[in-house]
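Next comes query_36.cif, with mmCIF, C-alpha atoms and all ligand atoms.
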data_query
loop_
_atom_site.label_atom_id
_atom_site.label_comp_id
_atom_site.auth_asym_id
_atom_site.auth_seq_id
_atom_site.Cartn_x
_atom_site.Cartn_y
_atom_site.Cartn_z
CA MET A 237 -3.71 12.67 24.55
CA SER A 238 -3.59 9.09 23.36
CA LEU A 239 -3.59 6.44 26.09
CA MET A 240 -1.03 4.53 24.05
CA ASN A 241 2.64 5.23 24.75
CA GLU A 242 5.95 4.35 23.15
CA ILE A 243 6.23 1.13 25.10
CA HIS A 244 2.92 -0.10 23.63
CA TYR A 245 4.14 0.57 20.10
CA GLU A 246 7.49 -1.07 20.81
CA SER A 247 5.85 -4.24 22.10
CA ARG A 248 3.57 -4.35 19.02
CA ARG A 249 6.66 -4.15 16.81
CA GLU A 250 8.30 -6.94 18.80
CA LYS A 251 5.22 -9.08 18.35
CA LEU A 252 5.17 -8.42 14.61
CA LEU A 253 8.86 -9.26 14.32
CA SER A 254 8.32 -12.48 16.25
CA SER A 255 5.85 -13.58 13.56
CA VAL A 256 8.43 -13.42 10.74
CA GLU A 257 11.52 -15.58 10.36
CA GLU A 258 13.85 -13.00 8.91
CA GLY A 259 13.67 -10.15 6.45
CA VAL A 260 12.77 -6.50 6.05
CA ILE A 261 9.33 -5.05 6.78
CA ILE A 262 8.41 -1.71 5.21
CA LEU A 263 5.37 0.19 6.48
CA THR A 264 4.37 3.47 4.90
CA SER A 265 2.44 6.47 6.18
CA ALA A 266 -0.79 7.53 4.45
CA SER A 267 -0.48 10.02 1.60
CA PRO A 268 -2.30 13.35 1.94
CA LYS A 269 -5.48 13.25 -0.19
CA THR A 270 -6.43 16.05 -2.54
CA ARG A 271 -10.01 17.27 -2.24
CA SER A 272 -9.89 19.60 -5.22
CA ASN A 273 -7.13 21.56 -6.93
CA ASP A 274 -4.81 22.57 -4.08
CA THR A 275 -7.03 21.81 -1.11
CA GLU A 276 -6.69 18.62 0.89
CA TYR A 277 -8.84 16.53 3.19
CA PRO A 278 -7.70 16.62 6.82
CA TYR A 279 -4.80 14.19 7.10
CA ARG A 280 -5.51 10.77 8.58
CA GLN A 281 -2.61 8.42 9.29
CA SER A 282 -2.63 4.85 7.94
CA SER A 283 -4.04 2.61 10.67
CA ASP A 284 -1.46 -0.16 10.19
CA PHE A 285 1.42 2.33 10.30
CA TYR A 286 -0.01 4.16 13.30
CA TYR A 287 -0.58 0.87 15.13
CA MET A 288 3.10 0.05 14.85
CA CYS A 289 4.66 3.40 15.79
CA GLY A 290 2.10 6.07 16.74
CA PHE A 291 3.73 8.60 14.41
CA GLN A 292 1.13 11.00 13.02
CA GLU A 293 2.97 12.85 10.24
CA ASP A 294 2.83 12.10 6.54
CA ASN A 295 5.85 11.30 4.37
CA ALA A 296 7.18 8.81 6.90
CA LEU A 297 8.25 5.16 6.83
CA LEU A 298 8.83 2.50 9.43
CA ILE A 299 11.28 -0.24 8.55
CA LEU A 300 11.80 -3.28 10.74
CA VAL A 301 14.72 -5.56 10.08
CA LYS A 302 15.20 -9.06 11.40
CA THR A 303 18.23 -11.30 11.02
CA LYS A 304 18.96 -14.54 12.83
CA GLU A 305 20.95 -12.57 15.39
CA ALA A 306 19.14 -9.27 15.90
CA THR A 307 16.31 -6.90 15.08
CA LYS A 308 16.35 -3.21 14.21
CA SER A 309 13.68 -0.55 13.89
CA ILE A 310 14.19 2.49 11.66
CA LEU A 311 11.86 5.46 11.30
CA PHE A 312 12.19 7.79 8.33
CA VAL A 313 10.65 11.25 8.84
CA GLU A 314 10.50 14.61 7.13
CA PRO A 315 13.16 16.91 8.56
CA TYR A 316 12.18 20.07 10.40
CA ASN A 317 11.82 22.86 7.86
CA GLU A 318 11.25 26.56 8.58
CA GLU A 319 9.17 27.13 5.46
CA HIS A 320 6.88 24.18 6.28
CA ALA A 321 6.65 25.36 9.89
CA LEU A 322 5.52 28.80 8.69
CA TRP A 323 2.81 27.57 6.33
CA ASN A 324 1.67 24.24 7.75
CA GLY A 325 3.10 23.90 11.23
CA ALA A 326 6.32 22.51 12.63
CA ARG A 327 7.27 18.93 11.94
CA LEU A 328 8.96 16.93 14.67
CA GLY A 329 12.11 16.40 12.65
CA VAL A 330 14.83 13.78 13.06
CA GLN A 331 16.28 14.73 16.47
CA LYS A 332 12.97 15.10 18.29
CA ALA A 333 11.60 11.94 16.73
CA GLN A 334 14.72 10.10 17.89
CA ALA A 335 14.16 11.41 21.41
CA ILE A 336 10.48 10.42 21.53
CA PHE A 337 10.07 7.17 19.64
CA ARG A 338 11.65 4.00 20.96
CA VAL A 339 13.18 3.06 17.61
CA ASP A 340 16.83 2.24 16.99
CA GLU A 341 17.39 4.81 14.27
CA VAL A 342 15.63 7.86 12.83
CA HIS A 343 16.59 9.14 9.40
CA ASP A 344 15.66 11.99 7.12
CA ILE A 345 13.14 10.64 4.59
CA ASN A 346 15.17 12.33 1.86
CA ASN A 347 17.92 9.78 2.51
CA TYR A 348 15.63 6.79 2.01
CA ALA A 349 16.55 6.26 -1.63
CA SER A 350 20.23 6.07 -0.82
CA LEU A 351 19.82 3.90 2.31
CA ILE A 352 17.21 1.34 1.27
CA LYS A 353 19.65 -0.70 -0.79
CA ASP A 354 21.96 -1.15 2.18
CA ILE A 355 19.03 -2.03 4.40
CA LEU A 356 17.94 -4.76 1.98
CA ARG A 357 21.43 -6.11 1.36
CA GLU A 358 21.86 -9.82 2.23
CA HIS A 359 18.18 -10.22 3.14
CA ILE A 360 16.03 -12.90 1.55
CA ALA A 361 12.50 -11.68 2.30
CA LEU A 362 10.59 -8.42 2.01
CA TYR A 363 7.30 -7.77 3.83
CA ILE A 364 5.08 -5.04 2.42
CA ASP A 365 1.47 -4.25 1.67
CA LEU A 366 1.27 -6.23 -1.58
CA PHE A 367 -1.36 -3.92 -3.01
CA GLU A 368 0.56 -0.73 -2.39
CA ASP A 369 2.32 1.01 -5.24
CA SER A 370 3.88 4.02 -3.52
CA SER A 371 7.17 5.35 -4.85
CA TRP A 372 8.83 4.05 -1.65
CA ILE A 373 7.77 0.48 -2.35
CA ILE A 374 8.73 0.76 -6.01
CA GLN A 375 12.10 2.09 -4.90
CA ALA A 376 12.56 -0.85 -2.53
CA LYS A 377 11.71 -3.36 -5.26
CA ASN A 378 14.08 -1.66 -7.68
CA SER A 379 16.84 -1.75 -5.06
CA ALA A 380 16.17 -5.46 -4.46
CA LYS A 381 16.49 -6.03 -8.21
CA GLU A 382 19.75 -4.09 -8.40
CA LEU A 383 21.16 -6.13 -5.51
CA HIS A 384 20.13 -9.28 -7.32
CA GLU A 385 22.18 -8.16 -10.28
CA THR A 386 25.20 -7.08 -8.21
CA ARG A 387 28.19 -9.39 -8.05
CA GLY A 388 29.41 -10.24 -4.59
CA VAL A 389 25.98 -10.02 -2.96
CA LYS A 390 25.37 -13.55 -1.71
CA ARG A 391 21.78 -13.47 -0.51
CA HIS A 392 18.92 -11.79 -2.35
CA ILE A 393 15.26 -10.99 -1.80
CA LYS A 394 13.57 -14.10 -3.14
CA ALA A 395 10.12 -13.69 -1.62
CA ILE A 396 7.81 -10.74 -1.10
CA HIS A 397 5.18 -11.34 1.57
CA ASP A 398 2.04 -9.53 2.66
CA VAL A 399 2.62 -7.77 5.97
CA THR A 400 -0.91 -6.42 6.38
CA HIS A 401 -2.32 -9.82 7.30
CA LEU A 402 0.18 -10.15 10.15
CA ILE A 403 -0.57 -6.65 11.50
CA ARG A 404 -4.32 -7.01 11.15
CA THR A 405 -4.28 -10.34 12.93
CA GLN A 406 -2.58 -8.51 15.79
CA ARG A 407 -5.18 -5.73 15.57
CA LEU A 408 -8.00 -8.24 16.14
CA ILE A 409 -7.43 -8.40 19.89
CA LYS A 410 -7.69 -5.01 21.52
CA SER A 411 -5.59 -4.09 24.56
CA ASN A 412 -7.14 -2.42 27.60
CA GLU A 413 -5.89 0.96 26.38
CA GLU A 414 -7.47 0.46 22.96
CA ILE A 415 -10.75 -0.54 24.57
CA SER A 416 -10.60 2.61 26.69
CA GLU A 417 -10.17 4.75 23.56
CA ILE A 418 -13.13 3.00 21.91
CA LYS A 419 -15.15 3.64 25.07
CA ASN A 420 -14.18 7.32 24.90
CA ALA A 421 -15.42 7.46 21.31
CA VAL A 422 -18.65 5.63 22.19
CA ALA A 423 -19.37 7.89 25.17
CA LEU A 424 -19.22 10.99 23.01
CA THR A 425 -21.23 9.34 20.26
CA ALA A 426 -23.87 8.45 22.87
CA LYS A 427 -24.16 12.12 23.80
CA ALA A 428 -24.55 13.13 20.15
CA HIS A 429 -27.27 10.53 19.50
CA HIS A 430 -29.16 11.57 22.60
CA GLU A 431 -29.00 15.24 21.60
CA ALA A 432 -30.24 14.38 18.11
CA MET A 433 -33.23 12.59 19.66
CA LYS A 434 -33.94 15.61 21.85
CA LEU A 435 -33.64 18.11 19.00
CA SER A 436 -35.61 16.23 16.40
CA LYS A 437 -38.93 17.69 15.24
CA PRO A 438 -40.87 17.82 11.98
CA GLY A 439 -39.64 20.51 9.63
CA LEU A 440 -35.96 20.29 10.53
CA HIS A 441 -33.61 19.11 7.83
CA GLU A 442 -31.58 15.95 8.09
CA TYR A 443 -28.42 18.07 7.87
CA GLU A 444 -29.47 20.05 10.94
CA LEU A 445 -29.33 16.93 13.10
CA GLN A 446 -26.07 15.97 11.40
CA ALA A 447 -24.61 19.42 12.08
CA HIS A 448 -25.55 19.25 15.74
CA MET A 449 -23.92 15.85 16.15
CA SER A 450 -20.75 17.12 14.47
CA TYR A 451 -20.83 20.06 16.86
CA VAL A 452 -21.04 17.71 19.85
CA PHE A 453 -18.08 15.72 18.52
CA GLN A 454 -15.87 18.67 17.68
CA ARG A 455 -16.71 20.68 20.77
CA ALA A 456 -15.49 17.81 22.93
CA GLY A 457 -12.26 17.54 20.97
CA ALA A 458 -12.89 14.57 18.67
CA GLN A 459 -10.52 14.89 15.74
CA ALA A 460 -12.80 13.22 13.21
CA GLU A 461 -15.94 11.23 12.56
CA SER A 462 -15.41 7.54 11.90
CA TYR A 463 -17.34 7.68 8.59
CA GLY A 464 -19.73 9.91 6.67
CA ALA A 465 -22.86 10.36 8.77
CA ILE A 466 -26.16 8.91 7.57
CA VAL A 467 -29.18 10.94 8.69
CA ALA A 468 -32.06 9.42 6.79
CA GLY A 469 -35.65 10.48 7.31
CA GLY A 470 -38.51 8.19 6.26
CA ASN A 471 -37.93 6.21 3.07
CA ASN A 472 -34.37 7.58 2.77
CA ALA A 473 -33.40 4.99 5.38
CA ASN A 474 -33.97 2.35 2.71
CA THR A 475 -30.96 3.63 0.80
CA LEU A 476 -28.29 1.90 2.86
CA HIS A 477 -25.49 4.38 2.17
CA TYR A 478 -27.66 7.50 2.12
CA ILE A 479 -25.30 10.39 2.90
CA ASP A 480 -27.05 13.30 1.14
CA ASN A 481 -28.77 14.29 4.37
CA ARG A 482 -30.53 17.18 2.56
CA ASP A 483 -34.18 16.24 3.03
CA VAL A 484 -36.80 17.66 5.39
CA LEU A 485 -37.78 15.48 8.36
CA ARG A 486 -41.50 14.80 8.17
CA ASP A 487 -44.11 14.37 10.86
CA GLY A 488 -44.98 10.70 11.31
CA ASP A 489 -41.71 9.44 9.80
CA LEU A 490 -38.80 7.72 11.48
CA VAL A 491 -35.25 8.99 11.17
CA LEU A 492 -32.33 6.58 11.00
CA ILE A 493 -29.03 8.03 12.20
CA ASP A 494 -25.82 6.08 11.65
CA ALA A 495 -23.15 8.49 12.85
CA ALA A 496 -20.21 8.29 15.23
CA CYS A 497 -16.93 9.88 16.15
CA GLU A 498 -13.36 8.73 16.21
CA TRP A 499 -11.27 9.29 19.35
CA GLU A 500 -7.49 9.19 19.14
CA LEU A 501 -7.99 7.35 15.84
CA TYR A 502 -10.27 4.70 17.42
CA ALA A 503 -13.73 4.37 15.91
CA SER A 504 -17.21 4.04 17.25
CA ASP A 505 -20.11 3.03 14.99
CA ILE A 506 -23.65 3.55 16.23
CA THR A 507 -27.10 3.55 14.64
CA ARG A 508 -30.34 4.53 16.25
CA THR A 509 -33.73 4.89 14.58
CA PHE A 510 -36.38 7.04 16.25
CA PRO A 511 -39.60 8.91 15.44
CA VAL A 512 -39.08 12.43 14.08
CA ASN A 513 -41.91 13.68 16.32
CA GLY A 514 -40.92 11.55 19.32
CA ARG A 515 -43.73 8.95 19.18
CA PHE A 516 -43.66 5.69 17.26
CA THR A 517 -46.78 4.83 15.25
CA ALA A 518 -48.15 1.35 15.94
CA ALA A 519 -46.70 -0.01 12.69
CA GLN A 520 -43.29 1.57 13.26
CA ARG A 521 -43.23 0.22 16.77
CA THR A 522 -44.08 -3.29 15.61
CA VAL A 523 -41.19 -3.37 13.13
CA TYR A 524 -38.84 -1.62 15.58
CA GLU A 525 -39.46 -4.17 18.29
CA LYS A 526 -38.77 -7.00 15.87
CA VAL A 527 -35.40 -5.51 14.88
CA LEU A 528 -34.59 -4.84 18.52
CA ASP A 529 -35.48 -8.38 19.52
CA VAL A 530 -33.16 -9.77 16.84
CA GLN A 531 -30.37 -7.45 17.93
CA LEU A 532 -30.68 -8.40 21.61
CA ARG A 533 -30.73 -12.12 20.84
CA VAL A 534 -27.70 -11.92 18.57
CA ILE A 535 -25.74 -9.90 21.13
CA ASP A 536 -26.70 -12.36 23.85
CA ALA A 537 -25.19 -15.20 21.83
CA MET A 538 -21.75 -13.56 21.74
CA LYS A 539 -18.99 -15.17 23.79
CA PRO A 540 -15.54 -16.69 23.29
CA GLY A 541 -15.64 -19.75 21.06
CA VAL A 542 -18.66 -18.66 18.99
CA LYS A 543 -17.90 -18.34 15.29
CA ARG A 544 -18.72 -15.18 13.42
CA ASP A 545 -20.20 -17.22 10.53
CA TRP A 546 -22.56 -18.93 12.94
CA LEU A 547 -23.64 -15.54 14.31
CA GLN A 548 -24.35 -14.34 10.77
CA GLN A 549 -26.45 -17.45 10.05
CA TYR A 550 -28.28 -17.12 13.37
CA SER A 551 -29.08 -13.45 12.70
CA GLU A 552 -30.44 -14.30 9.25
CA GLU A 553 -32.71 -16.96 10.73
CA LEU A 554 -34.01 -14.50 13.31
CA LEU A 555 -34.52 -11.75 10.74
CA CYS A 556 -36.27 -14.12 8.35
CA GLN A 557 -38.62 -15.27 11.12
CA ALA A 558 -39.27 -11.63 12.05
CA LEU A 559 -40.20 -10.88 8.44
CA ILE A 560 -42.59 -13.86 8.44
CA ASP A 561 -44.12 -12.71 11.74
CA LEU A 562 -44.68 -9.26 10.22
CA GLY A 563 -46.41 -10.85 7.22
CA ILE A 564 -43.78 -9.38 4.92
CA LEU A 565 -42.47 -12.78 3.83
CA LYS A 566 -44.74 -15.78 3.40
CA GLY A 567 -43.71 -19.41 3.64
CA GLU A 568 -41.32 -21.64 5.54
CA CYS A 569 -38.33 -19.92 7.10
CA LYS A 570 -35.96 -22.68 5.91
CA THR A 571 -37.12 -22.37 2.30
CA LEU A 572 -37.03 -18.57 2.38
CA LEU A 573 -33.50 -18.62 3.77
CA GLU A 574 -32.38 -21.03 1.05
CA SER A 575 -33.78 -18.80 -1.68
CA LYS A 576 -32.37 -15.75 0.18
CA GLU A 577 -35.69 -13.93 0.02
CA HIS A 578 -35.02 -12.31 3.40
CA LYS A 579 -32.12 -10.47 1.74
CA LYS A 580 -34.61 -8.23 -0.06
CA TYR A 581 -35.54 -6.67 3.29
CA SER A 582 -32.31 -7.20 5.19
CA PRO A 583 -29.46 -7.13 2.70
CA HIS A 584 -26.36 -6.42 4.79
CA GLY A 585 -24.28 -8.46 7.21
CA ILE A 586 -24.87 -8.56 10.95
CA GLY A 587 -21.68 -6.70 11.84
CA HIS A 588 -17.98 -6.14 11.38
CA TRP A 589 -14.77 -5.76 13.35
CA MET A 590 -14.18 -2.26 14.67
CA GLY A 591 -11.06 -0.56 16.02
CA LEU A 592 -8.64 1.85 14.38
CA ASP A 593 -10.92 1.56 11.35
CA VAL A 594 -14.67 1.57 11.53
CA HIS A 595 -14.54 -1.53 9.34
CA ASP A 596 -11.38 -2.93 10.89
CA PRO A 597 -9.74 -4.94 8.09
CA CYS A 598 -8.86 -7.80 10.44
CA PRO A 599 -9.31 -11.36 9.17
CA TYR A 600 -12.69 -13.10 9.48
CA VAL A 601 -11.33 -16.53 8.65
CA ASP A 602 -8.22 -18.53 9.52
CA ASP A 603 -5.63 -19.72 6.99
CA GLU A 604 -7.85 -22.69 6.12
CA GLY A 605 -10.78 -20.38 5.38
CA GLU A 606 -12.64 -21.41 8.56
CA SER A 607 -14.58 -18.68 10.33
CA LEU A 608 -12.67 -17.32 13.34
CA GLN A 609 -13.95 -18.00 16.82
CA PHE A 610 -14.54 -15.05 19.10
CA VAL A 611 -11.79 -14.39 21.63
CA ALA A 612 -11.82 -11.90 24.52
CA GLY A 613 -10.67 -8.48 23.30
CA MET A 614 -12.35 -8.58 19.90
CA VAL A 615 -14.80 -5.77 19.09
CA MET A 616 -17.63 -6.25 16.62
CA THR A 617 -20.67 -4.17 15.72
CA ILE A 618 -24.10 -5.79 15.77
CA GLU A 619 -26.45 -3.99 13.43
CA PRO A 620 -29.53 -5.83 12.18
CA GLY A 621 -31.92 -3.91 9.99
CA ILE A 622 -35.24 -4.27 8.20
CA TYR A 623 -35.82 -2.02 5.19
CA ILE A 624 -39.20 -1.76 3.44
CA ARG A 625 -39.26 0.53 0.46
CA ALA A 626 -42.14 2.99 0.03
CA ASP A 627 -42.89 1.60 -3.43
CA ASP A 628 -43.03 -2.06 -2.34
CA GLU A 629 -46.64 -2.95 -3.04
CA THR A 630 -46.13 -6.55 -1.94
CA VAL A 631 -46.06 -5.34 1.67
CA GLU A 632 -48.99 -4.01 3.72
CA GLU A 633 -49.26 -0.26 3.22
CA LYS A 634 -48.71 0.58 6.89
CA TYR A 635 -45.17 -0.82 6.72
CA ARG A 636 -44.09 0.84 3.48
CA GLY A 637 -41.31 3.41 3.77
CA ILE A 638 -40.08 2.09 7.11
CA GLY A 639 -36.34 1.49 7.39
CA ILE A 640 -34.88 0.52 10.76
CA ARG A 641 -31.36 -0.39 11.87
CA ILE A 642 -30.09 -0.61 15.42
CA GLU A 643 -26.32 -0.81 15.87
CA ASP A 644 -24.16 -1.27 18.95
CA ASP A 645 -20.45 -1.90 19.54
CA ILE A 646 -19.76 -5.15 21.36
CA LEU A 647 -16.60 -6.23 23.16
CA ILE A 648 -16.01 -9.96 23.63
CA THR A 649 -14.99 -10.63 27.25
CA GLN A 650 -13.68 -13.74 29.05
CA ASN A 651 -17.18 -14.86 29.96
CA GLY A 652 -19.36 -13.33 27.28
CA TYR A 653 -19.63 -9.79 26.05
CA GLU A 654 -19.86 -6.16 27.08
CA ASN A 655 -22.10 -3.86 25.09
CA LEU A 656 -19.93 -0.74 24.95
CA SER A 657 -22.88 1.37 23.77
CA ALA A 658 -25.45 0.03 26.21
CA MET A 659 -25.97 3.55 27.61
CA ILE A 660 -27.65 4.80 24.41
CA ALA A 661 -31.45 4.86 24.51
CA LYS A 662 -32.76 1.84 22.61
CA THR A 663 -36.04 0.40 23.85
CA VAL A 664 -39.20 2.08 22.56
CA GLU A 665 -39.76 3.59 25.98
CA GLU A 666 -36.18 4.84 26.38
CA VAL A 667 -36.17 6.36 22.91
CA GLU A 668 -39.56 8.07 23.33
CA ASN A 669 -38.52 9.44 26.72
CA MET A 670 -35.24 10.77 25.31
CA CYS A 671 -37.15 12.45 22.46
CA GLN A 672 -39.31 14.32 25.02
CA GLU A 673 -36.28 15.84 26.75
CA SER A 674 -34.77 19.13 25.68
CA VAL A 675 -31.11 19.72 24.85
N1 LIG A 701 -21.52 3.08 9.56
C1 LIG A 701 -21.00 2.05 8.78
C2 LIG A 701 -21.51 0.74 9.18
O1 LIG A 701 -22.42 0.65 9.96
O2 LIG A 701 -20.99 -0.26 8.83
MN MN A 702 -21.34 -0.75 11.24
MN MN A 703 -22.88 2.20 11.30
#
Starting from the file, lay out its structure as structure tokens.
Ligand code: GLY
Ligand code: MN
Ligand code: MN
Amino acid sequence: MSLMNEIHYESRREKLLSSVEEGVIILTSASPKTRSNDTEYPYRQSSDFYYMCGFQEDNALLILVKTKEATKSILFVEPYNEEHALWNGARLGVQKAQAIFRVDEVHDINNYASLIKDILREHIALYIDLFEDSSWIIQAKNSAKELHETRGVKRHIKAIHDVTHLIRTQRLIKSNEEISEIKNAVALTAKAHHEAMKLSKPGLHEYELQAHMSYVFQRAGAQAESYGAIVAGGNNANTLHYIDNRDVLRDGDLVLIDAACEWELYASDITRTFPVNGRFTAAQRTVYEKVLDVQLRVIDAMKPGVKRDWLQQYSEELLCQALIDLGILKGECKTLLESKEHKKYSPHGIGHWMGLDVHDPCPYVDDEGESLQFVAGMVMTIEPGIYIRADDETVEEKYRGIGIRIEDDILITQNGYENLSAMIAKTVEEVENMCQESV
């Protein structure tokens, strides 16, 4: 059961409406996605749509209307249908949706085409996802055009605005309920990572650890994983988006696991890197402790007022210095940073917003292009990594083939931060101890 209720969704809609002067907002549900021929991926609602109404079915629309005098919310849903109920399960239908959702009107989606023109009549602005080309949006634009060409209609749509920016700005600051859902996701992900550490041994396949983590997620009732799991033994960790997970885990190698579940549509996003056989080699430990040190320092710098751009720059300085300390890069840190040589071993950013999406598409900059300052309620991952390819002969042999990332989910609080995933084994000692335990 989601911790969010109808009142939460209603107040989000009110907030969205307060950020527009007048006009019509159209939000669309996600389309089902074909996997192959007539099979589909499990349905996942659009995050923006879900955020504004909590409705989980496909083929649905939310329309918000604002005039100088009043506002109105209209939900369009698929009607209840016996045939659909038999094959795919019962839909809520118009009456039940009207009883549950705190919207002014609920209509049959099949009546959208005939109603949209009246909804748009005498309005001057339309708010949509500008990059969406669904038949609903095309229909709305066509209706706006017809109204424009109709005599007697005095006011016409003369501007189409992006609504996603407004919603995603709202999504930046998480409510207490949203933070609780993220914590639920993180708690289960913690369990899965710990079990993977306990299970790991040479000879297992990457997919065996992946399968066990999926089992932990699904057994506890998680509806989905936040993203495709990465279980990368040895040099596979140096392929950043390695998702094959088919290889054997070898004695003496590390395994990097970036895997996490979603809970009530809220993501977690966690990476741990640990020795397949439970004991770090001296070289692995040296690199691991460097990455860990960077991660801890970056997290410690997080508090309201700090800019994300500054944090990125700070993390690059720390990573560059770590690479110099390891003897992997040679020269002055400042010069190496300018020529971006550290990027060869640490190519990705320090972290990203997280919420209803693992990469929450919330803005990183303000309208002037200035990096946003952290505010209490924001959630960002912190995930530094050092990746040394097995074939990199410019690096001492003992370090070749080592790829390490450590990723936690951090909530900005009034006074600083809370590491939501602090319970997951992370120091060398904690990780080695966890690896010795049995499931
Ligand atoms: N798992 C995706 C990421 O770390 O960004
Ligand atoms: Mn991440
Ligand atoms: Mn990740």
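Counting from CA of Leu490 in chain A, the distance to CA of Ile638 in chain A is 7.2 Å.
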Tell me which protein, DNA and RNA residues are within 8 Å of Ile624 in chain A, counting all atoms listed in the file, leaving out same-chain ones fewer than 2 positions away, and put them as a list of chain:residue names.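 Final neighbour list, sorted by chain and number: A:Asn474, A:Tyr581, A:Ile622, A:Ala626, A:Asp628, A:Val631, A:Tyr635, A:Arg636, A:Gly637, A:Ile638, A:Gly639.
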Per residue of chain A within 10 Å of ligand LIG 701 (chain A), note the shortest atom pair and the distance in Å to one decimal, counting all atoms listed in the file, and order the rows by chain and increasing residue number, as a Markdown table.
| residue | atom | partner | partner_atom | distance |
| --- | --- | --- | --- | --- |
| A:Ser462 | CA | A:LIG701 | N1 | 7.9 |
| A:Tyr463 | CA | A:LIG701 | N1 | 6.3 |
| A:Gly464 | CA | A:LIG701 | N1 | 7.6 |
| A:Ala465 | CA | A:LIG701 | N1 | 7.4 |
| A:Ile466 | CA | A:LIG701 | N1 | 7.7 |
| A:Leu476 | CA | A:LIG701 | O1 | 9.3 |
| A:His477 | CA | A:LIG701 | C1 | 8.3 |
| A:Ile493 | CA | A:LIG701 | N1 | 9.4 |
| A:Asp494 | CA | A:LIG701 | N1 | 5.6 |
| A:Ala495 | CA | A:LIG701 | N1 | 6.5 |
| A:Ala496 | CA | A:LIG701 | N1 | 7.8 |
| A:Ser504 | CA | A:LIG701 | N1 | 8.9 |
| A:Asp505 | CA | A:LIG701 | N1 | 5.6 |
| A:Ile506 | CA | A:LIG701 | O1 | 7.0 |
| A:Thr507 | CA | A:LIG701 | O1 | 7.2 |
| A:His584 | CA | A:LIG701 | O2 | 9.1 |
| A:Gly585 | CA | A:LIG701 | O2 | 9.0 |
| A:Ile586 | CA | A:LIG701 | O2 | 9.4 |
| A:Gly587 | CA | A:LIG701 | O2 | 7.1 |
| A:His588 | CA | A:LIG701 | O2 | 7.1 |
| A:Trp589 | CA | A:LIG701 | O2 | 9.5 |
| A:Met590 | CA | A:LIG701 | O2 | 9.2 |
| A:Val594 | CA | A:LIG701 | C1 | 6.9 |
| A:His595 | CA | A:LIG701 | O2 | 6.6 |
| A:Thr617 | CA | A:LIG701 | O1 | 7.7 |
| A:Ile618 | CA | A:LIG701 | O1 | 8.8 |
| A:Glu619 | CA | A:LIG701 | O1 | 7.1 |
| A:Pro620 | CA | A:LIG701 | O1 | 9.9 |
| A:Arg641 | CA | A:LIG701 | O1 | 9.2 |
| A:Ile642 | CA | A:LIG701 | O1 | 9.5 |
| A:Glu643 | CA | A:LIG701 | O1 | 7.2 |
| A:Asp644 | CA | A:LIG701 | O1 | 9.4 |
File of the preceding selection, C-alpha atoms, as a short mmCIF file (atom, residue, chain, number, x, y, z; two decimals), keeping the file's coordinate frame:
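Just written: result-v1.cif:
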data_model
loop_
_atom_site.label_atom_id
_atom_site.label_comp_id
_atom_site.auth_asym_id
_atom_site.auth_seq_id
_atom_site.Cartn_x
_atom_site.Cartn_y
_atom_site.Cartn_z
CA SER A 462 -15.41 7.54 11.90
CA TYR A 463 -17.34 7.68 8.59
CA GLY A 464 -19.73 9.91 6.67
CA ALA A 465 -22.86 10.36 8.77
CA ILE A 466 -26.16 8.91 7.57
CA LEU A 476 -28.29 1.90 2.86
CA HIS A 477 -25.49 4.38 2.17
CA ILE A 493 -29.03 8.03 12.20
CA ASP A 494 -25.82 6.08 11.65
CA ALA A 495 -23.15 8.49 12.85
CA ALA A 496 -20.21 8.29 15.23
CA SER A 504 -17.21 4.04 17.25
CA ASP A 505 -20.11 3.03 14.99
CA ILE A 506 -23.65 3.55 16.23
CA THR A 507 -27.10 3.55 14.64
CA HIS A 584 -26.36 -6.42 4.79
CA GLY A 585 -24.28 -8.46 7.21
CA ILE A 586 -24.87 -8.56 10.95
CA GLY A 587 -21.68 -6.70 11.84
CA HIS A 588 -17.98 -6.14 11.38
CA TRP A 589 -14.77 -5.76 13.35
CA MET A 590 -14.18 -2.26 14.67
CA VAL A 594 -14.67 1.57 11.53
CA HIS A 595 -14.54 -1.53 9.34
CA THR A 617 -20.67 -4.17 15.72
CA ILE A 618 -24.10 -5.79 15.77
CA GLU A 619 -26.45 -3.99 13.43
CA PRO A 620 -29.53 -5.83 12.18
CA ARG A 641 -31.36 -0.39 11.87
CA ILE A 642 -30.09 -0.61 15.42
CA GLU A 643 -26.32 -0.81 15.87
CA ASP A 644 -24.16 -1.27 18.95
#
Could you tell me how far CA of Leu252 in chain A lies from CA of Ile345 in chain A, in Å and to one decimal?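 Straight-line distance from CA of Leu252 in chain A to CA of Ile345 in chain A works out to 23.0 Å.
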Grab the CA of Glu258 in chain A to CA of Ala296 in chain A distance for me, in Å with one decimal place. 22.9 Å
Taking all atoms listed in the file into account, which of A:Val452, A:Ala558, A:Phe367, A:Arg508 comes nearest ligand MN 702 (chain A)? A:Arg508
